[in-house]
$ cat coords-v4.txt   # compact mmCIF, N, CA and C atoms
# COMPACT_ATOMS: atom_id res chain seq x y z
N MET N 1 -58.02 -115.68 -126.13
CA MET N 1 -58.83 -114.53 -125.80
C MET N 1 -60.15 -114.62 -126.56
N ILE N 2 -61.23 -114.30 -125.90
CA ILE N 2 -62.55 -114.35 -126.50
C ILE N 2 -62.91 -112.98 -127.05
N ALA N 3 -63.45 -112.97 -128.26
CA ALA N 3 -63.87 -111.72 -128.88
C ALA N 3 -65.03 -111.11 -128.09
N GLN N 4 -65.26 -109.85 -128.34
CA GLN N 4 -66.35 -109.16 -127.68
C GLN N 4 -67.69 -109.76 -128.08
N HIS N 5 -68.59 -109.83 -127.12
CA HIS N 5 -69.97 -110.19 -127.42
C HIS N 5 -70.68 -108.92 -127.88
N PRO N 6 -71.62 -109.02 -128.81
CA PRO N 6 -72.34 -107.81 -129.20
C PRO N 6 -73.20 -107.31 -128.04
N ASP N 7 -73.32 -106.00 -127.94
CA ASP N 7 -74.24 -105.42 -126.96
C ASP N 7 -75.66 -105.80 -127.38
N ARG N 8 -76.58 -105.72 -126.44
CA ARG N 8 -77.96 -106.09 -126.71
C ARG N 8 -78.51 -105.38 -127.95
N ASP N 9 -78.27 -104.09 -128.05
CA ASP N 9 -78.83 -103.34 -129.19
C ASP N 9 -78.10 -103.61 -130.50
N GLN N 10 -77.01 -104.34 -130.46
CA GLN N 10 -76.27 -104.71 -131.67
C GLN N 10 -76.65 -106.09 -132.20
N ILE N 11 -77.49 -106.81 -131.48
CA ILE N 11 -77.93 -108.13 -131.92
C ILE N 11 -78.95 -107.93 -133.03
N LEU N 12 -78.64 -108.47 -134.21
CA LEU N 12 -79.49 -108.30 -135.38
C LEU N 12 -80.24 -109.59 -135.69
N LEU N 13 -81.50 -109.45 -136.06
CA LEU N 13 -82.33 -110.61 -136.35
C LEU N 13 -81.74 -111.49 -137.44
N GLU N 14 -81.21 -110.87 -138.49
CA GLU N 14 -80.66 -111.68 -139.58
C GLU N 14 -79.47 -112.51 -139.13
N ASN N 15 -78.67 -112.00 -138.20
CA ASN N 15 -77.53 -112.78 -137.69
C ASN N 15 -78.00 -113.92 -136.80
N VAL N 16 -79.00 -113.65 -135.97
CA VAL N 16 -79.54 -114.70 -135.10
C VAL N 16 -80.16 -115.81 -135.93
N LEU N 17 -80.97 -115.43 -136.92
CA LEU N 17 -81.61 -116.44 -137.76
C LEU N 17 -80.59 -117.24 -138.56
N ALA N 18 -79.56 -116.58 -139.06
CA ALA N 18 -78.50 -117.30 -139.78
C ALA N 18 -77.80 -118.29 -138.86
N ALA N 19 -77.53 -117.88 -137.64
CA ALA N 19 -76.87 -118.78 -136.68
C ALA N 19 -77.77 -119.96 -136.34
N LEU N 20 -79.06 -119.71 -136.20
CA LEU N 20 -79.99 -120.78 -135.84
C LEU N 20 -80.38 -121.63 -137.03
N GLY N 21 -79.99 -121.23 -138.23
CA GLY N 21 -80.34 -121.98 -139.43
C GLY N 21 -79.48 -123.21 -139.69
N ASN N 22 -78.53 -123.46 -138.81
CA ASN N 22 -77.65 -124.62 -138.97
C ASN N 22 -78.10 -125.71 -137.99
N PRO N 23 -78.31 -126.94 -138.46
CA PRO N 23 -78.80 -128.01 -137.57
C PRO N 23 -77.90 -128.28 -136.36
N LEU N 24 -76.60 -128.20 -136.55
CA LEU N 24 -75.70 -128.45 -135.43
C LEU N 24 -75.83 -127.35 -134.38
N ARG N 25 -75.93 -126.11 -134.82
CA ARG N 25 -76.10 -125.02 -133.86
C ARG N 25 -77.46 -125.11 -133.16
N LEU N 26 -78.47 -125.60 -133.86
CA LEU N 26 -79.75 -125.83 -133.20
C LEU N 26 -79.63 -126.89 -132.11
N ARG N 27 -78.85 -127.93 -132.36
CA ARG N 27 -78.61 -128.95 -131.32
C ARG N 27 -77.95 -128.32 -130.11
N ILE N 28 -76.99 -127.42 -130.35
CA ILE N 28 -76.30 -126.74 -129.25
C ILE N 28 -77.29 -125.91 -128.45
N VAL N 29 -78.13 -125.16 -129.14
CA VAL N 29 -79.14 -124.33 -128.46
C VAL N 29 -80.07 -125.23 -127.64
N GLY N 30 -80.42 -126.38 -128.20
CA GLY N 30 -81.27 -127.32 -127.47
C GLY N 30 -80.65 -127.78 -126.16
N VAL N 31 -79.36 -128.02 -126.16
CA VAL N 31 -78.65 -128.42 -124.93
C VAL N 31 -78.61 -127.25 -123.95
N LEU N 32 -78.33 -126.06 -124.45
CA LEU N 32 -78.21 -124.88 -123.59
C LEU N 32 -79.56 -124.38 -123.09
N ALA N 33 -80.64 -124.87 -123.66
CA ALA N 33 -81.98 -124.40 -123.31
C ALA N 33 -82.37 -124.72 -121.88
N ASP N 34 -81.62 -125.58 -121.20
CA ASP N 34 -81.95 -125.90 -119.81
C ASP N 34 -81.69 -124.73 -118.87
N GLY N 35 -81.04 -123.70 -119.38
CA GLY N 35 -80.83 -122.49 -118.59
C GLY N 35 -79.52 -122.44 -117.83
N GLY N 36 -78.77 -123.51 -117.81
CA GLY N 36 -77.52 -123.52 -117.08
C GLY N 36 -76.33 -123.17 -117.96
N GLU N 37 -75.17 -123.14 -117.31
CA GLU N 37 -73.92 -122.97 -118.03
C GLU N 37 -73.32 -124.35 -118.27
N HIS N 38 -72.76 -124.53 -119.43
CA HIS N 38 -72.15 -125.81 -119.79
C HIS N 38 -70.74 -125.55 -120.27
N ASN N 39 -69.81 -126.42 -119.85
CA ASN N 39 -68.48 -126.25 -120.43
C ASN N 39 -68.52 -126.76 -121.86
N CYS N 40 -67.67 -126.16 -122.68
CA CYS N 40 -67.76 -126.40 -124.11
C CYS N 40 -67.53 -127.85 -124.49
N GLY N 41 -66.81 -128.61 -123.68
CA GLY N 41 -66.54 -130.00 -123.98
C GLY N 41 -67.65 -130.95 -123.62
N SER N 42 -68.69 -130.47 -122.94
CA SER N 42 -69.75 -131.36 -122.48
C SER N 42 -71.03 -131.27 -123.28
N ILE N 43 -71.06 -130.46 -124.32
CA ILE N 43 -72.32 -130.23 -125.02
C ILE N 43 -72.59 -131.30 -126.07
N LEU N 44 -71.64 -131.52 -126.96
CA LEU N 44 -71.78 -132.54 -128.00
C LEU N 44 -70.51 -133.37 -128.04
N ASP N 45 -70.66 -134.68 -127.96
CA ASP N 45 -69.50 -135.57 -127.91
C ASP N 45 -69.02 -136.02 -129.28
N ASP N 46 -69.88 -136.01 -130.25
CA ASP N 46 -69.58 -136.64 -131.53
C ASP N 46 -69.04 -135.67 -132.59
N ILE N 47 -68.62 -134.46 -132.18
CA ILE N 47 -68.17 -133.43 -133.12
C ILE N 47 -66.74 -133.03 -132.75
N SER N 48 -65.90 -132.77 -133.75
CA SER N 48 -64.52 -132.39 -133.48
C SER N 48 -64.45 -131.03 -132.79
N LYS N 49 -63.39 -130.85 -132.03
CA LYS N 49 -63.20 -129.61 -131.28
C LYS N 49 -63.12 -128.39 -132.20
N SER N 50 -62.44 -128.53 -133.33
CA SER N 50 -62.31 -127.40 -134.25
C SER N 50 -63.66 -127.00 -134.85
N THR N 51 -64.48 -127.98 -135.16
CA THR N 51 -65.81 -127.70 -135.69
C THR N 51 -66.66 -126.99 -134.64
N LEU N 52 -66.61 -127.48 -133.41
CA LEU N 52 -67.38 -126.85 -132.34
C LEU N 52 -66.90 -125.43 -132.08
N THR N 53 -65.60 -125.20 -132.14
CA THR N 53 -65.06 -123.85 -131.93
C THR N 53 -65.65 -122.88 -132.95
N HIS N 54 -65.75 -123.33 -134.19
CA HIS N 54 -66.37 -122.49 -135.23
C HIS N 54 -67.82 -122.16 -134.87
N HIS N 55 -68.58 -123.17 -134.45
CA HIS N 55 -69.98 -122.95 -134.14
C HIS N 55 -70.17 -122.09 -132.89
N TRP N 56 -69.29 -122.24 -131.90
CA TRP N 56 -69.36 -121.35 -130.72
C TRP N 56 -69.20 -119.91 -131.19
N ARG N 57 -68.22 -119.67 -132.07
CA ARG N 57 -67.95 -118.31 -132.54
C ARG N 57 -69.16 -117.72 -133.27
N VAL N 58 -69.77 -118.50 -134.13
CA VAL N 58 -70.95 -118.02 -134.86
C VAL N 58 -72.07 -117.67 -133.89
N LEU N 59 -72.33 -118.55 -132.94
CA LEU N 59 -73.40 -118.30 -131.96
C LEU N 59 -73.08 -117.10 -131.08
N ARG N 60 -71.83 -116.98 -130.66
CA ARG N 60 -71.41 -115.85 -129.81
C ARG N 60 -71.48 -114.53 -130.58
N ASP N 61 -70.92 -114.51 -131.78
CA ASP N 61 -70.88 -113.28 -132.56
C ASP N 61 -72.26 -112.81 -132.99
N SER N 62 -73.20 -113.73 -133.12
CA SER N 62 -74.57 -113.35 -133.49
C SER N 62 -75.39 -112.89 -132.29
N GLY N 63 -74.89 -113.16 -131.08
CA GLY N 63 -75.60 -112.74 -129.88
C GLY N 63 -76.49 -113.80 -129.28
N VAL N 64 -76.36 -115.04 -129.72
CA VAL N 64 -77.21 -116.12 -129.21
C VAL N 64 -76.69 -116.67 -127.88
N ILE N 65 -75.37 -116.73 -127.71
CA ILE N 65 -74.81 -117.31 -126.48
C ILE N 65 -73.83 -116.35 -125.82
N TRP N 66 -73.65 -116.58 -124.52
CA TRP N 66 -72.54 -116.01 -123.76
C TRP N 66 -71.45 -117.07 -123.72
N GLN N 67 -70.23 -116.64 -123.81
CA GLN N 67 -69.09 -117.54 -123.67
C GLN N 67 -68.12 -116.86 -122.72
N ARG N 68 -67.84 -117.52 -121.60
CA ARG N 68 -66.92 -116.91 -120.63
C ARG N 68 -65.87 -117.91 -120.21
N PRO N 69 -64.64 -117.41 -120.10
CA PRO N 69 -63.55 -118.31 -119.67
C PRO N 69 -63.71 -118.72 -118.22
N HIS N 70 -63.37 -119.97 -117.96
CA HIS N 70 -63.39 -120.51 -116.60
C HIS N 70 -62.27 -121.53 -116.52
N GLY N 71 -61.13 -121.09 -116.01
CA GLY N 71 -59.96 -121.96 -115.98
C GLY N 71 -59.51 -122.28 -117.40
N ARG N 72 -59.37 -123.56 -117.69
CA ARG N 72 -58.93 -123.98 -119.03
C ARG N 72 -60.09 -124.21 -119.99
N GLU N 73 -61.29 -123.99 -119.53
CA GLU N 73 -62.49 -124.22 -120.33
C GLU N 73 -63.21 -122.90 -120.59
N ASN N 74 -64.19 -122.95 -121.46
CA ASN N 74 -65.13 -121.86 -121.64
C ASN N 74 -66.51 -122.37 -121.24
N LEU N 75 -67.25 -121.54 -120.54
CA LEU N 75 -68.61 -121.88 -120.17
C LEU N 75 -69.56 -121.17 -121.13
N LEU N 76 -70.57 -121.88 -121.58
CA LEU N 76 -71.52 -121.37 -122.55
C LEU N 76 -72.91 -121.34 -121.94
N SER N 77 -73.67 -120.30 -122.28
CA SER N 77 -75.07 -120.20 -121.87
C SER N 77 -75.82 -119.36 -122.89
N LEU N 78 -77.13 -119.55 -122.94
CA LEU N 78 -77.96 -118.76 -123.85
C LEU N 78 -78.13 -117.34 -123.34
N ARG N 79 -78.25 -116.40 -124.22
CA ARG N 79 -78.51 -115.00 -123.87
C ARG N 79 -80.03 -114.77 -123.88
N ARG N 80 -80.72 -115.50 -123.03
CA ARG N 80 -82.19 -115.47 -123.00
C ARG N 80 -82.75 -114.06 -122.82
N ASP N 81 -82.26 -113.34 -121.83
CA ASP N 81 -82.82 -112.01 -121.54
C ASP N 81 -82.62 -111.07 -122.72
N ASP N 82 -81.43 -111.08 -123.30
CA ASP N 82 -81.15 -110.19 -124.42
C ASP N 82 -81.97 -110.55 -125.65
N LEU N 83 -82.08 -111.83 -125.95
CA LEU N 83 -82.85 -112.25 -127.11
C LEU N 83 -84.34 -111.98 -126.92
N GLU N 84 -84.82 -112.17 -125.71
CA GLU N 84 -86.24 -111.89 -125.43
C GLU N 84 -86.53 -110.40 -125.53
N ALA N 85 -85.60 -109.57 -125.07
CA ALA N 85 -85.79 -108.12 -125.16
C ALA N 85 -85.78 -107.65 -126.62
N ARG N 86 -84.91 -108.22 -127.42
CA ARG N 86 -84.79 -107.81 -128.83
C ARG N 86 -85.88 -108.42 -129.71
N PHE N 87 -86.16 -109.70 -129.50
CA PHE N 87 -87.08 -110.44 -130.38
C PHE N 87 -88.00 -111.30 -129.52
N PRO N 88 -89.02 -110.68 -128.92
CA PRO N 88 -89.89 -111.40 -127.98
C PRO N 88 -90.48 -112.68 -128.58
N GLY N 89 -90.31 -113.77 -127.84
CA GLY N 89 -90.88 -115.05 -128.24
C GLY N 89 -90.04 -115.88 -129.19
N LEU N 90 -89.00 -115.31 -129.77
CA LEU N 90 -88.21 -116.05 -130.76
C LEU N 90 -87.54 -117.27 -130.15
N LEU N 91 -86.80 -117.07 -129.08
CA LEU N 91 -86.08 -118.19 -128.48
C LEU N 91 -87.05 -119.24 -127.93
N ALA N 92 -88.15 -118.80 -127.34
CA ALA N 92 -89.15 -119.74 -126.84
C ALA N 92 -89.73 -120.58 -127.98
N SER N 93 -89.96 -119.94 -129.11
CA SER N 93 -90.48 -120.68 -130.28
C SER N 93 -89.47 -121.69 -130.79
N VAL N 94 -88.22 -121.28 -130.87
CA VAL N 94 -87.17 -122.19 -131.35
C VAL N 94 -87.03 -123.37 -130.39
N CYS N 95 -86.96 -123.09 -129.10
CA CYS N 95 -86.81 -124.17 -128.11
C CYS N 95 -88.04 -125.07 -128.09
N GLY N 96 -89.21 -124.49 -128.26
CA GLY N 96 -90.43 -125.28 -128.32
C GLY N 96 -90.44 -126.21 -129.53
N ALA N 97 -89.97 -125.71 -130.66
CA ALA N 97 -89.90 -126.53 -131.86
C ALA N 97 -88.88 -127.66 -131.69
N LEU N 98 -87.80 -127.38 -130.97
CA LEU N 98 -86.78 -128.41 -130.75
C LEU N 98 -87.31 -129.54 -129.89
N THR N 99 -88.11 -129.22 -128.89
CA THR N 99 -88.65 -130.28 -128.02
C THR N 99 -89.76 -131.05 -128.70
N GLY N 100 -90.37 -130.46 -129.71
CA GLY N 100 -91.43 -131.13 -130.45
C GLY N 100 -90.96 -132.06 -131.53
N ARG N 101 -89.65 -132.13 -131.74
CA ARG N 101 -89.10 -133.02 -132.79
C ARG N 101 -89.22 -134.46 -132.41

$ encode --input "coords-v4.txt" --output "structure tokens"
Amino acid sequence: MIAQHPDRDQILLENVLAALGNPLRLRIVGVLADGGEHNCGSILDDISKSTLTHHWRVLRDSGVIWQRPHGRENLLSLRRDDLEARFPGLLASVCGALTGR
């Protein structure tokens, strides 16, 4: 069972920044930045499942991603609209910095 996602007005800047402050989670955001949904097993190949599960939880609980069950997998996507409404330009800046690396 997947925990509740925070409502838009419950997304806090300090939680989002803490989630984005980890290099592995930034890599995940970079993959999800294409705007589509990705199954959790297709995002990063070189990381253990338990480690990725932890990072999905941090990103979900902070309000950065949506995670929804789909059969035996979970589909992940960025919460672009919610993050843009709460913190205009933040996600665009982060994604822009990722492509500039």

$ closest_atom_pairs --input "coords-v4.txt" --of "stretch 13-41 of chain N" --to "stretch 59-76 of chain N" --cutoff "6 Å" --atoms "all atoms listed in the file" --output "CSV"
residue,atom,partner,partner_atom,distance
N:Asn15,C,N:Ser62,CA,4.8
N:Val16,N,N:Ser62,CA,5.1
N:Ala19,CA,N:Leu59,CA,5.9
N:Gly36,C,N:Leu76,C,5.6
N:Glu37,CA,N:Leu76,C,4.4
N:His38,C,N:Leu76,N,3.9
N:Asn39,CA,N:Leu75,CA,4.4
N:Cys40,N,N:Asn74,C,4.2

$ atom_distance --input "coords-v4.txt" --atom1 "atom C of N:Leu44" --atom2 "atom N of N:Ala85"
28.3 Å

$ closest_residue --input "coords-v4.txt" --among "N:Gly30, N:Ser50, N:Trp56, N:Gly35" --to "N:Ser93" --atoms "only C-alpha atoms"
N:Gly30

$ select_by_dssp --input "coords-v4.txt" --residues "chain N" --states "alpha helix (DSSP H)" --output "NGL selection string"
:N and (13-20 or 23-32 or 49-62 or 80-86 or 90-99)

$ select_by_dssp --input "coords-v4.txt" --residues "chain N" --states "strand (DSSP E or B)" --output "list in words"
His38, Asn39, Ile65, Trp66, Gln67, Arg68, Pro69, His70, Glu73, Asn74, Leu75, Leu76, Ser77 and Leu78 of chain N

$ atom_distance --input "coords-v4.txt" --atom1 "atom CA of N:Leu98" --atom2 "atom CA of N:Leu52"
19.5 Å

$ atom_distance --input "coords-v4.txt" --atom1 "atom CA of N:Val31" --atom2 "atom N of N:Ala18"
18.5 Å

$ decode --input "coords-v4.txt" --residues "stretch 69-80 of chain N" --atoms "C-alpha atoms" --output "PDB file, in the first residue's frame"
ATOM      1  CA  PRO N  69       0.159   1.408  -8.497  1.00  0.00           C
ATOM      2  CA  HIS N  70      -0.196  -0.240 -11.885  1.00  0.00           C
ATOM      3  CA  GLY N  71      -0.405  -4.010 -11.695  1.00  0.00           C
ATOM      4  CA  ARG N  72       2.719  -5.312  -9.982  1.00  0.00           C
ATOM      5  CA  GLU N  73       4.639  -2.080 -10.554  1.00  0.00           C
ATOM      6  CA  ASN N  74       4.405   1.517  -9.438  1.00  0.00           C
ATOM      7  CA  LEU N  75       4.404   4.317 -11.971  1.00  0.00           C
ATOM      8  CA  LEU N  76       6.268   7.493 -11.087  1.00  0.00           C
ATOM      9  CA  SER N  77       5.910  11.014 -12.452  1.00  0.00           C
ATOM     10  CA  LEU N  78       6.841  14.530 -11.383  1.00  0.00           C
ATOM     11  CA  ARG N  79       4.231  16.716  -9.697  1.00  0.00           C
ATOM     12  CA  ARG N  80       4.980  19.581 -12.084  1.00  0.00           C
TER      13      ARG N  80
END
